[in-house]
$ cat input_34.tsv   # TSV, C-alpha atoms and all ligand atoms
chain	number	residue	atom	x	y	z
A	1062	MET	CA	0.00	0.00	0.00
A	1063	THR	CA	1.64	3.30	-0.98
A	1064	THR	CA	1.58	6.14	1.51
A	1065	GLU	CA	0.64	9.63	0.42
A	1066	ASN	CA	2.39	11.24	3.34
A	1067	PRO	CA	1.86	15.00	3.71
A	1068	ARG	CA	4.14	15.28	6.73
A	1069	ILE	CA	7.05	17.68	6.38
A	1070	ALA	CA	9.67	17.76	9.11
A	1071	ASP	CA	10.90	21.19	10.23
A	1072	HIS	CA	14.39	19.79	10.84
A	1073	PRO	CA	16.04	16.93	8.98
A	1074	VAL	CA	15.09	13.48	10.32
A	1075	ASP	CA	15.14	10.00	8.83
A	1076	LYS	CA	11.91	9.38	6.93
A	1077	VAL	CA	11.03	6.44	9.17
A	1078	PHE	CA	9.86	8.94	11.80
A	1079	THR	CA	7.38	10.69	9.51
A	1080	ASP	CA	6.41	7.52	7.63
A	1081	ARG	CA	5.19	5.89	10.87
A	1082	TRP	CA	1.58	6.68	11.56
A	1083	SER	CA	-1.36	4.81	13.05
A	1084	PRO	CA	-3.92	3.52	10.56
A	1085	ARG	CA	-7.16	1.77	11.42
A	1086	ALA	CA	-7.73	0.12	8.03
A	1087	PHE	CA	-5.86	-3.17	8.10
A	1088	THR	CA	-5.94	-5.94	5.50
A	1089	GLY	CA	-6.17	-8.71	8.10
A	1090	GLU	CA	-3.49	-10.73	6.33
A	1091	GLU	CA	-1.41	-13.21	8.25
A	1092	ILE	CA	1.75	-11.84	9.83
A	1093	PRO	CA	4.70	-14.24	9.51
A	1094	GLN	CA	6.06	-15.21	12.91
A	1095	SER	CA	9.51	-14.15	11.70
A	1096	VAL	CA	8.23	-10.58	11.20
A	1097	LEU	CA	6.51	-10.53	14.58
A	1098	PHE	CA	9.66	-11.74	16.29
A	1099	THR	CA	11.76	-9.15	14.44
A	1100	LEU	CA	9.45	-6.49	15.91
A	1101	PHE	CA	9.93	-7.90	19.41
A	1102	GLU	CA	13.67	-8.10	18.71
A	1103	ALA	CA	13.72	-4.36	17.94
A	1104	ALA	CA	11.83	-3.71	21.18
A	1105	ARG	CA	14.29	-5.88	23.07
A	1106	TRP	CA	17.20	-3.57	22.29
A	1107	ALA	CA	15.57	-0.48	23.76
A	1108	PRO	CA	17.41	1.27	26.60
A	1109	SER	CA	16.06	0.99	30.15
A	1110	SER	CA	16.95	2.13	33.64
A	1111	TYR	CA	19.74	-0.14	35.00
A	1112	ASN	CA	19.07	-2.30	31.94
A	1113	SER	CA	16.07	-3.65	33.84
A	1114	GLN	CA	14.14	-4.40	30.60
A	1115	PRO	CA	10.75	-4.19	32.32
A	1116	TRP	CA	8.71	-4.62	29.12
A	1117	ARG	CA	6.65	-7.74	28.46
A	1118	PHE	CA	4.56	-8.37	25.35
A	1119	LEU	CA	1.48	-10.61	25.43
A	1120	TYR	CA	0.44	-11.33	21.87
A	1121	ALA	CA	-2.12	-13.14	19.75
A	1122	THR	CA	-2.32	-13.40	15.98
A	1123	ASN	CA	-5.58	-13.03	14.08
A	1124	GLY	CA	-7.49	-16.30	14.11
A	1125	ASN	CA	-5.36	-18.12	16.67
A	1126	ALA	CA	-6.79	-19.66	19.83
A	1127	HIS	CA	-6.32	-16.47	21.90
A	1128	TRP	CA	-7.49	-13.95	19.30
A	1129	ASP	CA	-11.10	-13.56	20.43
A	1130	LYS	CA	-10.08	-13.11	24.05
A	1131	PHE	CA	-7.43	-10.49	23.14
A	1132	LEU	CA	-9.83	-8.59	20.87
A	1133	GLY	CA	-12.56	-8.69	23.52
A	1134	LEU	CA	-10.32	-6.87	26.01
A	1135	LEU	CA	-10.36	-3.71	23.88
A	1136	ILE	CA	-13.15	-1.13	24.21
A	1137	PRO	CA	-15.85	-1.65	21.58
A	1138	PHE	CA	-14.65	1.29	19.42
A	1139	ASN	CA	-11.17	-0.17	19.14
A	1140	GLN	CA	-12.57	-3.67	18.53
A	1141	SER	CA	-14.55	-2.30	15.59
A	1142	TRP	CA	-11.41	-1.61	13.55
A	1143	ALA	CA	-8.69	-3.67	15.29
A	1144	LYS	CA	-10.57	-6.88	14.39
A	1145	THR	CA	-8.80	-6.82	11.01
A	1146	ALA	CA	-5.31	-6.33	12.44
A	1147	SER	CA	-2.87	-9.21	12.01
A	1148	ALA	CA	-1.73	-9.26	15.63
A	1149	LEU	CA	-2.72	-7.73	18.95
A	1150	VAL	CA	-0.17	-7.07	21.66
A	1151	TYR	CA	-0.68	-6.00	25.28
A	1152	VAL	CA	2.34	-4.12	26.58
A	1153	VAL	CA	2.99	-4.78	30.25
A	1154	SER	CA	5.81	-3.42	32.42
A	1155	GLU	CA	7.35	-4.80	35.58
A	1156	THR	CA	7.10	-2.14	38.29
A	1157	THR	CA	10.01	-3.37	40.42
A	1158	MET	CA	13.63	-4.06	39.55
A	1159	VAL	CA	16.96	-5.14	40.97
A	1160	ALA	CA	19.32	-2.16	41.19
A	1161	PRO	CA	23.10	-2.64	41.54
A	1162	GLY	CA	24.18	-3.09	45.16
A	1163	VAL	CA	20.63	-3.65	46.40
A	1164	ASP	CA	19.59	-7.14	47.51
A	1165	ALA	CA	15.81	-6.75	47.41
A	1166	ARG	CA	13.69	-5.63	44.49
A	1167	VAL	CA	12.99	-1.90	44.55
A	1168	PRO	CA	10.27	0.13	42.83
A	1169	SER	CA	11.30	1.19	39.34
A	1170	HIS	CA	10.80	4.89	38.65
A	1171	SER	CA	10.88	4.42	34.89
A	1172	HIS	CA	9.14	1.13	34.06
A	1173	SER	CA	6.50	2.87	31.93
A	1174	PHE	CA	9.05	5.15	30.28
A	1175	ASP	CA	11.22	2.13	29.44
A	1176	ALA	CA	8.27	0.17	28.05
A	1177	GLY	CA	7.42	3.23	25.95
A	1178	ALA	CA	10.89	3.20	24.45
A	1179	ALA	CA	10.46	-0.49	23.59
A	1180	TRP	CA	7.07	0.07	21.93
A	1181	ALA	CA	8.51	2.97	19.90
A	1182	SER	CA	11.32	0.73	18.67
A	1183	LEU	CA	8.78	-1.95	17.71
A	1184	ALA	CA	6.65	0.61	15.86
A	1185	LEU	CA	9.58	2.04	13.92
A	1186	GLN	CA	10.87	-1.43	13.00
A	1187	ALA	CA	7.39	-2.29	11.74
A	1188	THR	CA	7.41	0.83	9.55
A	1189	LEU	CA	10.80	-0.12	8.14
A	1190	LEU	CA	9.39	-3.54	7.16
A	1191	GLY	CA	6.23	-2.12	5.54
A	1192	TRP	CA	3.93	-3.02	8.45
A	1193	ALA	CA	1.88	-0.61	10.54
A	1194	THR	CA	1.12	-0.34	14.25
A	1195	HIS	CA	-1.59	1.45	16.22
A	1196	GLY	CA	-1.25	1.99	19.98
A	1197	MET	CA	-4.38	1.83	22.14
A	1198	VAL	CA	-5.34	2.87	25.67
A	1199	GLY	CA	-8.95	2.10	24.89
A	1200	VAL	CA	-8.53	-1.14	26.80
A	1201	ASP	CA	-10.40	-2.78	29.69
A	1202	PHE	CA	-7.28	-2.76	31.86
A	1203	ASP	CA	-8.84	-4.54	34.85
A	1204	ARG	CA	-9.94	-7.44	32.68
A	1205	VAL	CA	-6.53	-7.65	30.98
A	1206	LYS	CA	-4.96	-8.03	34.42
A	1207	THR	CA	-7.21	-10.85	35.48
A	1208	GLU	CA	-7.90	-12.62	32.17
A	1209	LEU	CA	-4.27	-12.56	30.97
A	1210	ASN	CA	-2.91	-13.40	34.45
A	1211	VAL	CA	-0.77	-10.27	34.76
A	1212	PRO	CA	1.11	-10.37	38.10
A	1213	ASP	CA	0.40	-7.68	40.73
A	1214	ASP	CA	3.79	-6.02	40.33
A	1215	HIS	CA	3.22	-5.46	36.60
A	1216	ARG	CA	1.32	-2.57	34.98
A	1217	VAL	CA	-0.70	-3.01	31.81
A	1218	GLU	CA	0.44	-0.02	29.73
A	1219	ALA	CA	-1.39	-0.20	26.42
A	1220	ALA	CA	-2.33	-2.43	23.52
A	1221	ILE	CA	-0.91	-2.43	20.00
A	1222	ALA	CA	-2.61	-3.47	16.78
A	1223	ILE	CA	-0.17	-4.61	14.10
A	1224	GLY	CA	-1.07	-5.15	10.47
A	1225	LYS	CA	-0.65	-4.20	6.84
A	1226	ARG	CA	-2.34	-0.94	6.00
A	1227	GLY	CA	-5.37	-1.39	3.75
A	1228	PRO	CA	-7.47	1.06	1.73
A	1229	LYS	CA	-9.50	3.43	3.91
A	1230	THR	CA	-12.65	2.26	2.15
A	1231	LEU	CA	-12.45	-0.75	4.47
A	1232	LEU	CA	-13.61	1.59	7.24
A	1233	PRO	CA	-16.98	3.18	8.00
A	1234	GLU	CA	-17.24	6.75	6.60
A	1235	ALA	CA	-16.62	8.53	9.91
A	1236	LEU	CA	-13.32	6.73	10.36
A	1237	GLN	CA	-12.27	7.21	6.72
A	1238	ALA	CA	-12.05	10.97	7.39
A	1239	ARG	CA	-9.55	10.34	10.21
A	1240	GLU	CA	-7.43	7.86	8.23
A	1241	ALA	CA	-4.38	10.06	7.54
A	1242	PRO	CA	-1.05	10.99	9.07
A	1243	SER	CA	-1.52	13.68	11.75
A	1244	PRO	CA	0.52	16.87	12.29
A	1245	ARG	CA	2.73	17.70	15.26
A	1246	LYS	CA	3.53	20.61	17.59
A	1247	SER	CA	6.64	22.55	16.57
A	1248	VAL	CA	10.02	21.80	18.11
A	1249	ALA	CA	9.85	25.28	19.71
A	1250	GLU	CA	6.73	24.21	21.62
A	1251	ILE	CA	8.19	20.98	22.96
A	1252	ALA	CA	11.88	21.77	23.56
A	1253	LEU	CA	12.45	24.56	26.08
B	1301	LIG	C1	-0.36	4.87	24.04
B	1301	LIG	C2	-1.30	5.19	22.92
B	1301	LIG	C3	-2.64	4.98	23.08
B	1301	LIG	C4	-3.54	5.22	22.02
B	1301	LIG	N1	-4.86	4.88	22.17
B	1301	LIG	C5	-5.67	4.88	21.08
B	1301	LIG	C6	-6.95	4.27	21.16
B	1301	LIG	O1	-7.37	3.73	22.17
B	1301	LIG	N2	-7.71	4.28	20.02
B	1301	LIG	C7	-7.28	4.86	18.86
B	1301	LIG	O2	-8.04	4.83	17.88
B	1301	LIG	N3	-6.05	5.43	18.77
B	1301	LIG	C8	-5.22	5.44	19.84
B	1301	LIG	N4	-3.94	5.94	19.75
B	1301	LIG	C9	-3.46	6.54	18.50
B	1301	LIG	C10	-3.13	8.01	18.68
B	1301	LIG	O3	-4.32	8.76	18.63
B	1301	LIG	C11	-2.13	8.43	17.56
B	1301	LIG	O4	-0.91	7.78	17.79
B	1301	LIG	C12	-1.90	9.93	17.58
B	1301	LIG	O5	-3.06	10.62	17.21
B	1301	LIG	C13	-0.78	10.32	16.62
B	1301	LIG	O6	-1.06	9.87	15.34
B	1301	LIG	P1	-0.05	8.92	14.53
B	1301	LIG	O7	0.29	7.76	15.43
B	1301	LIG	O8	-0.83	8.49	13.32
B	1301	LIG	O9	1.18	9.72	14.19
B	1301	LIG	C14	-3.05	5.74	20.79
B	1301	LIG	C15	-1.68	5.97	20.65
B	1301	LIG	C16	-0.80	5.69	21.68
B	1301	LIG	C17	0.67	5.89	21.49
$ encode --input "input_34.tsv" --output "structure tokens"
Amino acid sequence: MTTENPRIADHPVDKVFTDRWSPRAFTGEEIPQSVLFTLFEAARWAPSSYNSQPWRFLYATNGNAHWDKFLGLLIPFNQSWAKTASALVYVVSETTMVAPGVDARVPSHSHSFDAGAAWASLALQATLLGWATHGMVGVDFDRVKTELNVPDDHRVEAAIAIGKRGPKTLLPEALQAREAPSPRKSVAEIAL
């Protein structure tokens, strides 16, 4: 699927950053396990506080035994379009870690920040391979915790839909209007 990408960076950046955006129209095609694992591999190399690597990825591919359960843990709006993704991932982070020189586990200040870095790496690797990702907080977090057996010292951060971008005509009209790369605040607004 070609991308008509209207995004123009104010300062030079690699095109992967502006090429990545979050579609809702997915073809539903099967994602090879090798691709999925390459995405997790990219996430794996993200930096984290004390190299604690607090990220965990719970995944199901479209049509497999866990798919219906994973899809059903999204809010109905997200289910309506994510049902044609190729994979769904719940990103979880471990809230405690072992710091150097400390015997017991201590609370991690940055578990969510670290998991965010990992998801960003996954998303950019997907873009580089011609796949698309869409992050979601429209999730029934309490049910994810219980139904996916997430331990108490882990936080469910978000879900990710992964798939191949399809034509926007796959979507209902209201969503077709939103199916485009979005703009950004200027660097002057975010870097002070
Ligand atoms: C953590 C996170 C949660 C999000 N939650 C949702 C969601 O529940 N439903 C949805 O349709 N989009 C969701 N989005 C998509 C954002 O709206 C989108 O990333 C943002 O508007 C920027 O657009 P872009 O990703 O296309 O550049 C989420 C994105 C992130 C990173």
$ atom_distance --input "input_34.tsv" --atom1 "CA of Thr1207 (chain A)" --atom2 "CA of Leu1149 (chain A)"
17.4 Å
$ closest_residue --input "input_34.tsv" --among "A:Arg1226, A:His1170, A:His1215, A:His1072" --to "Arg1117 (chain A)" --atoms "only C-alpha atoms"
A:His1215
$ closest_residue --input "input_34.tsv" --among "A:Glu1102, A:Glu1240, A:Glu1091, A:Asp1213" --to "Leu1185 (chain A)" --atoms "all atoms listed in the file"
A:Glu1102
$ residues_near_ligand --input "input_34.tsv" --ligand "ligand LIG 1301 (chain B)" --cutoff "9 Å" --atoms "only C-alpha atoms and all ligand atoms" --output "ChimeraX atom specification"
/A:1079-1085,1135-1136,1138-1139,1142-1143,1177,1180-1181,1194-1200,1218-1221,1240-1245
$ atom_distance --input "input_34.tsv" --atom1 "CA of Ala1070 (chain A)" --atom2 "CA of Val1248 (chain A)"
9.9 Å
$ atom_distance --input "input_34.tsv" --atom1 "CA of Ser1182 (chain A)" --atom2 "CA of Thr1156 (chain A)"
20.3 Å
